[in-house]
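K.L.:
Data file model.pdb (PDB, C-alpha atoms) is appended below.
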```pdb
ATOM      1  CA  MET W   1       5.068 -39.489   2.251
ATOM      2  CA  ALA W   2       6.551 -38.059  -0.953
ATOM      3  CA  LEU W   3       5.764 -34.449  -1.852
ATOM      4  CA  THR W   4       3.387 -34.452  -4.838
ATOM      5  CA  HIS W   5       1.690 -31.026  -4.693
ATOM      6  CA  LEU W   6       3.099 -27.610  -3.741
ATOM      7  CA  LEU W   7       1.249 -24.301  -3.432
ATOM      8  CA  TYR W   8       3.077 -20.962  -3.176
ATOM      9  CA  LEU W   9       1.215 -17.912  -1.844
ATOM     10  CA  HIS W  10       2.784 -14.497  -2.430
ATOM     11  CA  GLY W  11       2.577 -11.483  -0.141
ATOM     12  CA  PHE W  12       0.607  -8.238  -0.114
ATOM     13  CA  ARG W  13       0.972  -6.222  -3.332
ATOM     14  CA  SER W  14       3.216  -9.007  -4.674
ATOM     15  CA  SER W  15       2.704 -11.563  -7.436
ATOM     16  CA  PRO W  16       3.944 -14.816  -8.983
ATOM     17  CA  ALA W  17       6.654 -12.624 -10.559
ATOM     18  CA  SER W  18       8.391 -12.058  -7.221
ATOM     19  CA  ALA W  19      11.927 -13.389  -6.849
ATOM     20  CA  LYS W  20      10.945 -15.993  -4.230
ATOM     21  CA  ALA W  21       7.901 -17.168  -6.203
ATOM     22  CA  ARG W  22      10.002 -17.587  -9.345
ATOM     23  CA  ARG W  23      12.722 -19.419  -7.406
ATOM     24  CA  MET W  24      10.190 -21.797  -5.852
ATOM     25  CA  ALA W  25       8.677 -22.421  -9.290
ATOM     26  CA  ALA W  26      12.139 -23.286 -10.631
ATOM     27  CA  TRP W  27      12.817 -25.567  -7.644
ATOM     28  CA  ALA W  28       9.444 -27.295  -8.132
ATOM     29  CA  ALA W  29      10.234 -27.856 -11.809
ATOM     30  CA  GLU W  30      13.359 -29.774 -10.745
ATOM     31  CA  GLN W  31      11.280 -32.203  -8.630
ATOM     32  CA  ARG W  32      10.013 -35.158 -10.644
ATOM     33  CA  GLY W  33       6.209 -35.282 -10.903
ATOM     34  CA  LEU W  34       5.535 -32.331  -8.554
ATOM     35  CA  THR W  35       2.365 -30.326  -9.232
ATOM     36  CA  PHE W  36       3.067 -26.635  -8.529
ATOM     37  CA  ALA W  37       0.607 -23.748  -8.278
ATOM     38  CA  CYS W  38       1.307 -20.076  -7.630
ATOM     39  CA  PRO W  39      -1.837 -18.042  -8.310
ATOM     40  CA  GLN W  40      -2.124 -14.266  -8.544
ATOM     41  CA  LEU W  41      -4.086 -13.517  -5.391
ATOM     42  CA  PRO W  42      -6.826 -10.870  -5.541
ATOM     43  CA  PRO W  43      -6.877  -7.989  -3.018
ATOM     44  CA  SER W  44      -9.888  -9.444  -1.186
ATOM     45  CA  PRO W  45      -8.678 -11.981   1.400
ATOM     46  CA  LEU W  46     -11.906 -13.983   1.157
ATOM     47  CA  ALA W  47     -11.659 -14.052  -2.638
ATOM     48  CA  ALA W  48      -7.998 -15.086  -2.337
ATOM     49  CA  MET W  49      -8.863 -17.979  -0.034
ATOM     50  CA  ALA W  50     -11.760 -19.018  -2.285
ATOM     51  CA  LEU W  51      -9.374 -19.073  -5.264
ATOM     52  CA  VAL W  52      -6.907 -21.190  -3.297
ATOM     53  CA  ALA W  53      -9.652 -23.549  -2.117
ATOM     54  CA  GLY W  54     -10.638 -24.167  -5.730
ATOM     55  CA  ILE W  55      -7.051 -24.914  -6.755
ATOM     56  CA  VAL W  56      -6.397 -27.417  -3.955
ATOM     57  CA  ALA W  57      -9.863 -28.988  -3.789
ATOM     58  CA  ASP W  58      -8.681 -32.341  -5.168
ATOM     59  CA  TRP W  59      -5.142 -32.296  -3.724
ATOM     60  CA  PRO W  60      -4.289 -35.197  -1.401
ATOM     61  CA  ALA W  61      -4.278 -34.761   2.378
ATOM     62  CA  GLY W  62      -0.817 -36.337   2.446
ATOM     63  CA  GLY W  63       1.889 -35.291  -0.004
ATOM     64  CA  SER W  64       0.740 -31.669  -0.243
ATOM     65  CA  ALA W  65       2.493 -28.569   1.081
ATOM     66  CA  VAL W  66       2.056 -24.811   1.091
ATOM     67  CA  VAL W  67       4.697 -22.081   1.213
ATOM     68  CA  GLY W  68       3.630 -18.536   1.999
ATOM     69  CA  SER W  69       5.541 -15.258   2.134
ATOM     70  CA  SER W  70       4.477 -12.338   4.344
ATOM     71  CA  LEU W  71       0.677 -12.072   3.941
ATOM     72  CA  GLY W  72       0.917 -15.346   2.018
ATOM     73  CA  GLY W  73       2.350 -16.865   5.222
ATOM     74  CA  PHE W  74      -0.791 -15.806   7.072
ATOM     75  CA  TYR W  75      -2.928 -17.312   4.298
ATOM     76  CA  ALA W  76      -0.825 -20.504   4.351
ATOM     77  CA  THR W  77      -1.344 -20.844   8.105
ATOM     78  CA  SER W  78      -5.076 -20.182   7.796
ATOM     79  CA  LEU W  79      -5.316 -22.840   5.075
ATOM     80  CA  ALA W  80      -3.157 -25.385   6.911
ATOM     81  CA  GLU W  81      -5.205 -25.109  10.099
ATOM     82  CA  GLN W  82      -8.415 -26.112   8.299
ATOM     83  CA  PRO W  83      -9.307 -29.741   9.121
ATOM     84  CA  ALA W  84      -8.901 -30.940   5.509
ATOM     85  CA  HIS W  85      -5.319 -29.650   5.344
ATOM     86  CA  ARG W  86      -3.912 -30.565   8.755
ATOM     87  CA  GLY W  87      -1.713 -33.236   7.160
ATOM     88  CA  TRP W  88       0.040 -30.684   4.932
ATOM     89  CA  ARG W  89       3.593 -29.507   5.408
ATOM     90  CA  VAL W  90       3.837 -25.730   5.734
ATOM     91  CA  ALA W  91       6.603 -23.177   5.252
ATOM     92  CA  VAL W  92       6.230 -19.489   6.101
ATOM     93  CA  LEU W  93       8.706 -16.807   5.029
ATOM     94  CA  ASN W  94       8.686 -13.660   7.189
ATOM     95  CA  PRO W  95       5.000 -14.379   7.833
ATOM     96  CA  ALA W  96       2.446 -11.716   8.699
ATOM     97  CA  VAL W  97       1.059 -12.502  12.153
ATOM     98  CA  ASP W  98      -1.661  -9.836  12.498
ATOM     99  CA  PRO W  99      -2.279  -8.447   8.996
ATOM    100  CA  ALA W 100      -5.668  -6.941   9.934
ATOM    101  CA  ARG W 101      -3.823  -4.656  12.369
ATOM    102  CA  ASP W 102      -0.835  -3.997  10.120
ATOM    103  CA  LEU W 103      -2.682  -3.422   6.845
ATOM    104  CA  SER W 104      -5.382  -1.183   8.330
ATOM    105  CA  ARG W 105      -2.875   1.635   7.729
ATOM    106  CA  HIS W 106      -2.851   0.899   3.987
ATOM    107  CA  ILE W 107      -6.512   1.411   3.107
ATOM    108  CA  GLY W 108      -6.899   3.199  -0.231
ATOM    109  CA  GLU W 109      -5.698   2.867  -3.815
ATOM    110  CA  LEU W 110      -2.467   0.886  -4.051
ATOM    111  CA  THR W 111      -0.166  -0.348  -6.793
ATOM    112  CA  ALA W 112       1.362  -3.786  -7.301
ATOM    113  CA  TRP W 113       5.116  -4.085  -6.626
ATOM    114  CA  HIS W 114       5.917  -5.886  -9.876
ATOM    115  CA  ASP W 115       3.545  -3.890 -12.088
ATOM    116  CA  PRO W 116       3.145  -0.266 -10.935
ATOM    117  CA  GLY W 117       0.532   0.183 -13.661
ATOM    118  CA  LEU W 118      -1.711  -2.306 -11.853
ATOM    119  CA  LYS W 119      -3.784  -0.413  -9.296
ATOM    120  CA  PHE W 120      -6.305  -1.810  -6.836
ATOM    121  CA  ASP W 121      -8.432  -0.614  -3.932
ATOM    122  CA  PHE W 122      -7.721  -2.004  -0.484
ATOM    123  CA  THR W 123     -10.695  -1.365   1.779
ATOM    124  CA  ALA W 124     -11.840  -1.529   5.387
ATOM    125  CA  GLY W 125     -13.915  -4.516   4.278
ATOM    126  CA  HIS W 126     -10.718  -6.303   3.256
ATOM    127  CA  VAL W 127      -9.262  -5.635   6.715
ATOM    128  CA  ALA W 128     -12.384  -7.181   8.272
ATOM    129  CA  GLU W 129     -11.974 -10.214   5.983
ATOM    130  CA  LEU W 130      -8.396 -10.636   7.236
ATOM    131  CA  ALA W 131      -9.585 -10.552  10.841
ATOM    132  CA  ALA W 132     -12.180 -13.220  10.038
ATOM    133  CA  LEU W 133      -9.463 -15.493   8.592
ATOM    134  CA  THR W 134      -7.244 -15.377  11.688
ATOM    135  CA  PRO W 135      -6.167 -18.953  12.467
ATOM    136  CA  PRO W 136      -6.286 -20.383  16.003
ATOM    137  CA  ALA W 137      -3.788 -19.000  18.500
ATOM    138  CA  ARG W 138      -2.254 -22.466  18.917
ATOM    139  CA  LEU W 139      -0.994 -24.250  15.827
ATOM    140  CA  SER W 140      -1.930 -27.884  15.353
ATOM    141  CA  ARG W 141       1.269 -29.944  15.120
ATOM    142  CA  PRO W 142       3.834 -27.088  15.048
ATOM    143  CA  LEU W 143       6.585 -29.405  13.759
ATOM    144  CA  ARG W 144       4.908 -29.612  10.343
ATOM    145  CA  TYR W 145       5.701 -25.884  10.026
ATOM    146  CA  TYR W 146       8.978 -24.361   8.866
ATOM    147  CA  ALA W 147       9.404 -20.667   9.703
ATOM    148  CA  LEU W 148      12.110 -18.626   7.988
ATOM    149  CA  ILE W 149      12.348 -15.391   9.965
ATOM    150  CA  ALA W 150      14.733 -12.489   9.309
ATOM    151  CA  LYS W 151      15.759 -10.241  12.196
ATOM    152  CA  GLY W 152      16.437  -7.568   9.574
ATOM    153  CA  ASP W 153      12.809  -7.503   8.366
ATOM    154  CA  GLU W 154      12.030  -3.799   7.992
ATOM    155  CA  LEU W 155       8.240  -4.263   7.809
ATOM    156  CA  LEU W 156       7.330  -6.950  10.360
ATOM    157  CA  ASP W 157       8.604  -7.625  13.895
ATOM    158  CA  TRP W 158      10.706 -10.792  13.903
ATOM    159  CA  ARG W 159      10.028 -11.318  17.635
ATOM    160  CA  GLU W 160       6.282 -11.447  16.962
ATOM    161  CA  MET W 161       6.851 -13.973  14.165
ATOM    162  CA  LEU W 162       9.095 -16.096  16.381
ATOM    163  CA  ALA W 163       6.518 -16.111  19.193
ATOM    164  CA  ARG W 164       3.704 -17.056  16.779
ATOM    165  CA  TYR W 165       5.686 -19.963  15.310
ATOM    166  CA  ALA W 166       7.304 -21.149  18.550
ATOM    167  CA  GLY W 167       8.017 -24.875  18.488
ATOM    168  CA  CYS W 168       8.192 -24.969  14.697
ATOM    169  CA  ASP W 169      11.106 -26.109  12.573
ATOM    170  CA  GLY W 170      12.954 -23.328  10.799
ATOM    171  CA  GLU W 171      15.657 -20.707  10.927
ATOM    172  CA  VAL W 172      16.067 -17.235  12.404
ATOM    173  CA  ILE W 173      18.385 -15.170  10.218
ATOM    174  CA  ASP W 174      20.604 -12.438  11.640
ATOM    175  CA  GLY W 175      20.101  -9.579   9.207
ATOM    176  CA  SER W 176      18.506 -10.073   5.768
ATOM    177  CA  ASP W 177      15.299  -8.130   4.980
ATOM    178  CA  HIS W 178      11.560  -8.510   4.453
ATOM    179  CA  GLY W 179      11.992  -9.684   0.865
ATOM    180  CA  LEU W 180      14.658 -12.240   1.895
ATOM    181  CA  THR W 181      17.074 -11.143  -0.809
ATOM    182  CA  ASP W 182      19.366 -13.951   0.435
ATOM    183  CA  PHE W 183      16.597 -16.546  -0.038
ATOM    184  CA  GLU W 184      18.853 -18.787  -2.127
ATOM    185  CA  ASP W 185      21.122 -19.320   0.895
ATOM    186  CA  HIS W 186      18.188 -20.624   2.937
ATOM    187  CA  LEU W 187      16.423 -22.708   0.285
ATOM    188  CA  PRO W 188      18.203 -25.981   1.253
ATOM    189  CA  GLY W 189      16.699 -25.975   4.763
ATOM    190  CA  LEU W 190      13.272 -25.141   3.419
ATOM    191  CA  ALA W 191      13.513 -27.856   0.757
ATOM    192  CA  LYS W 192      14.629 -30.408   3.339
ATOM    193  CA  HIS W 193      11.505 -29.671   5.385
ATOM    194  CA  LEU W 194       9.190 -29.922   2.380
ATOM    195  CA  LEU W 195      10.701 -33.221   1.252
ATOM    196  CA  ALA W 196      10.946 -34.815   4.712
TER     197      ALA W 196
END
```
Take the structure in the file and give it back as structure tokens.

P.N.:
Amino acid sequence: MALTHLLYLHGFRSSPASAKARRMAAWAAEQRGLTFACPQLPPSPLAAMALVAGIVADWPAGGSAVVGSSLGGFYATSLAEQPAHRGWRVAVLNPAVDPARDLSRHIGELTAWHDPGLKFDFTAGHVAELAALTPPARLSRPLRYYALIAKGDELLDWREMLARYAGCDGEVIDGSDHGLTDFEDHLPGLAKHLLA
């Protein structure tokens, strides 16, 4: 089925202004008739998922896809494992596997990467919300997933990502980094999966 709707979910402290989000927006603009959404996600995971649910409420079960980077990869997986979205194609880019564990060390006032003037509070309540959103241990239909995993990720363990997304389509990159500064080199494989 042709891709008609694409959602991009950015990572923790990131935004639609990130390099990957902007590149995906440009790629989406090149696809005829493709609806693209890349919302600014609030710090609260439950509020973020509620925002996403509102955006995709009338999107078709077939022809829709979600791409998520880092924490956005966790959100994308959580969304895609909901019964209404199990027909979606999914791509995760250096996805967070256990963000409740990892982000519990970052409780306090934080700044956004792309706008240091934008400050927000990340709380223990937000960590609990992340834990509540944890998708099932086994993915439904792993082959609808594409996992782009960098061994050079300085923030997340690539082995943990690879184990979580075992059996999925994708690519393990020797080197690179958490932000996937070489994302352009890997966009063709990702695009092929989304358009398959």

K.L.:
I want to know what sits within 7 Å of range 161-176 of chain W, based on only C-alpha atoms, with residues of the same chain fewer than 5 positions away left out; could you give that as a list in words?

P.N.:
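Listed by chain and then number, they are Pro95, Val97, Pro142, Leu143, Tyr145, Tyr146, Ala147, Leu148, Ile149, Ala150, Lys151, Gly152, Asp153, Thr181 and Asp182 of chain W.
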
K.L.:
Output the selection as a CSV table (one decimal), in the coordinates of the input - C-alpha atoms for each residue.

P.N.:
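Wrote selection.csv, looks like this:
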```csv
chain,number,residue,atom,x,y,z
W,95,PRO,CA,5.0,-14.4,7.8
W,97,VAL,CA,1.1,-12.5,12.2
W,142,PRO,CA,3.8,-27.1,15.0
W,143,LEU,CA,6.6,-29.4,13.8
W,145,TYR,CA,5.7,-25.9,10.0
W,146,TYR,CA,9.0,-24.4,8.9
W,147,ALA,CA,9.4,-20.7,9.7
W,148,LEU,CA,12.1,-18.6,8.0
W,149,ILE,CA,12.3,-15.4,10.0
W,150,ALA,CA,14.7,-12.5,9.3
W,151,LYS,CA,15.8,-10.2,12.2
W,152,GLY,CA,16.4,-7.6,9.6
W,153,ASP,CA,12.8,-7.5,8.4
W,181,THR,CA,17.1,-11.1,-0.8
W,182,ASP,CA,19.4,-14.0,0.4
```

K.L.:
Between CA of Val56 in chain W and CA of Ala96 in chain W, what distance in Å does the model show, to one decimal?

P.N.:
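Separating CA of Val56 in chain W from CA of Ala96 in chain W is a distance of 22.0 Å.
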
K.L.:
Given 6 Å on each side, where is the centre and what are the edge lengths in Å to one decimal of the axis-aligned box enclosing the listed atoms of range 143-151 of chain W, as JSON?

P.N.:
```
{"center_x": 10.3, "center_y": -19.9, "center_z": 10.9, "size_x": 22.9, "size_y": 31.4, "size_z": 17.8}
```

K.L.:
Separation of CA of Leu118 in chain W and CA of Arg23 in chain W, in Å?

P.N.:
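The value is 22.8 Å.
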
K.L.:
Give as a PyMOL selection string the residues that the PyMOL selection byres ((chain W and resi 28) around 12) matches when applied to the coordinates above.

P.N.:
chain W and resi 3-8+21-27+29-38+65+67+187+191+194-195

K.L.:
Counting all atoms listed in the file, what is within 10 Å of Ser140 in chain W, bar same-chain residues fewer than 2 positions away, as a list in words?

P.N.:
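Returned residues: Ala80, Glu81, Gln82, Pro83, Arg86, Gly87, Pro136, Ala137, Arg138, Pro142, Leu143, Arg144 and Tyr145 of chain W.
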
K.L.:
Give as a PyMOL selection string the set of residues within 10 Å of the point (-1.2, -15.5, -9.5), where distances use the file's coordinates and only C-alpha atoms.

P.N.:
chain W and resi 8-10+14-17+21+37-42+48+51

K.L.:
Within 8 Å of Leu110 in chain W, counting all atoms listed in the file, which residues qualify if same-chain residues fewer than 2 places away don't, as a short mmCIF file (atom, residue, chain, number, x, y, z; two decimals) with C-alpha atoms, keeping the file's coordinate frame?

P.N.:
```cif
data_model
loop_
_atom_site.label_atom_id
_atom_site.label_comp_id
_atom_site.auth_asym_id
_atom_site.auth_seq_id
_atom_site.Cartn_x
_atom_site.Cartn_y
_atom_site.Cartn_z
CA ARG W 13 0.97 -6.22 -3.33
CA GLY W 108 -6.90 3.20 -0.23
CA ALA W 112 1.36 -3.79 -7.30
CA LYS W 119 -3.78 -0.41 -9.30
CA PHE W 120 -6.30 -1.81 -6.84
CA ASP W 121 -8.43 -0.61 -3.93
CA PHE W 122 -7.72 -2.00 -0.48
#
```

K.L.:
Provide range 51-74 of chain W rebuilt to N, CA and C atoms, formatted as an mmCIF file, in the coordinates of the input.

P.N.:
```cif
data_model
loop_
_atom_site.group_PDB
_atom_site.id
_atom_site.type_symbol
_atom_site.label_atom_id
_atom_site.label_comp_id
_atom_site.auth_asym_id
_atom_site.auth_seq_id
_atom_site.Cartn_x
_atom_site.Cartn_y
_atom_site.Cartn_z
ATOM 1 N N LEU W 51 -10.172 -18.667 -4.108
ATOM 2 C CA LEU W 51 -9.374 -19.073 -5.264
ATOM 3 C C LEU W 51 -8.469 -20.246 -4.895
ATOM 4 N N VAL W 52 -7.804 -20.129 -3.767
ATOM 5 C CA VAL W 52 -6.907 -21.190 -3.297
ATOM 6 C C VAL W 52 -7.686 -22.482 -3.051
ATOM 7 N N ALA W 53 -8.838 -22.362 -2.407
ATOM 8 C CA ALA W 53 -9.652 -23.549 -2.117
ATOM 9 C C ALA W 53 -10.020 -24.286 -3.400
ATOM 10 N N GLY W 54 -10.312 -23.536 -4.452
ATOM 11 C CA GLY W 54 -10.638 -24.167 -5.730
ATOM 12 C C GLY W 54 -9.446 -24.887 -6.335
ATOM 13 N N ILE W 55 -8.265 -24.304 -6.187
ATOM 14 C CA ILE W 55 -7.051 -24.914 -6.755
ATOM 15 C C ILE W 55 -6.717 -26.230 -6.064
ATOM 16 N N VAL W 56 -6.851 -26.254 -4.729
ATOM 17 C CA VAL W 56 -6.397 -27.417 -3.955
ATOM 18 C C VAL W 56 -7.516 -28.401 -3.620
ATOM 19 N N ALA W 57 -8.693 -28.176 -4.159
ATOM 20 C CA ALA W 57 -9.863 -28.988 -3.789
ATOM 21 C C ALA W 57 -9.625 -30.487 -3.939
ATOM 22 N N ASP W 58 -8.889 -30.905 -4.965
ATOM 23 C CA ASP W 58 -8.681 -32.341 -5.168
ATOM 24 C C ASP W 58 -7.247 -32.774 -4.839
ATOM 25 N N TRP W 59 -6.496 -31.924 -4.123
ATOM 26 C CA TRP W 59 -5.142 -32.296 -3.724
ATOM 27 C C TRP W 59 -5.203 -33.280 -2.557
ATOM 28 N N PRO W 60 -4.257 -34.198 -2.464
ATOM 29 C CA PRO W 60 -4.289 -35.197 -1.401
ATOM 30 C C PRO W 60 -3.974 -34.600 -0.029
ATOM 31 N N ALA W 61 -4.532 -35.216 1.006
ATOM 32 C CA ALA W 61 -4.278 -34.761 2.378
ATOM 33 C C ALA W 61 -2.820 -34.987 2.760
ATOM 34 N N GLY W 62 -2.231 -36.064 2.247
ATOM 35 C CA GLY W 62 -0.817 -36.337 2.446
ATOM 36 C C GLY W 62 -0.085 -36.088 1.148
ATOM 37 N N GLY W 63 1.120 -35.559 1.216
ATOM 38 C CA GLY W 63 1.889 -35.291 -0.004
ATOM 39 C C GLY W 63 1.726 -33.883 -0.517
ATOM 40 N N SER W 64 0.924 -33.056 0.168
ATOM 41 C CA SER W 64 0.740 -31.669 -0.243
ATOM 42 C C SER W 64 1.441 -30.739 0.742
ATOM 43 N N ALA W 65 1.834 -29.571 0.238
ATOM 44 C CA ALA W 65 2.493 -28.569 1.081
ATOM 45 C C ALA W 65 2.154 -27.182 0.568
ATOM 46 N N VAL W 66 2.276 -26.211 1.454
ATOM 47 C CA VAL W 66 2.056 -24.811 1.091
ATOM 48 C C VAL W 66 3.201 -23.982 1.643
ATOM 49 N N VAL W 67 3.689 -23.056 0.819
ATOM 50 C CA VAL W 67 4.697 -22.081 1.213
ATOM 51 C C VAL W 67 4.066 -20.709 1.060
ATOM 52 N N GLY W 68 4.195 -19.874 2.078
ATOM 53 C CA GLY W 68 3.630 -18.536 1.999
ATOM 54 C C GLY W 68 4.597 -17.485 2.490
ATOM 55 N N SER W 69 4.657 -16.361 1.781
ATOM 56 C CA SER W 69 5.541 -15.258 2.134
ATOM 57 C C SER W 69 4.728 -14.076 2.635
ATOM 58 N N SER W 70 5.108 -13.525 3.785
ATOM 59 C CA SER W 70 4.477 -12.338 4.344
ATOM 60 C C SER W 70 2.968 -12.566 4.525
ATOM 61 N N LEU W 71 2.113 -11.816 3.844
ATOM 62 C CA LEU W 71 0.677 -12.072 3.941
ATOM 63 C C LEU W 71 0.354 -13.486 3.461
ATOM 64 N N GLY W 72 1.097 -13.970 2.476
ATOM 65 C CA GLY W 72 0.917 -15.346 2.018
ATOM 66 C C GLY W 72 1.201 -16.356 3.122
ATOM 67 N N GLY W 73 2.087 -16.003 4.071
ATOM 68 C CA GLY W 73 2.350 -16.865 5.222
ATOM 69 C C GLY W 73 1.141 -16.948 6.140
ATOM 70 N N PHE W 74 0.457 -15.822 6.296
ATOM 71 C CA PHE W 74 -0.791 -15.806 7.072
ATOM 72 C C PHE W 74 -1.845 -16.664 6.376
#
```
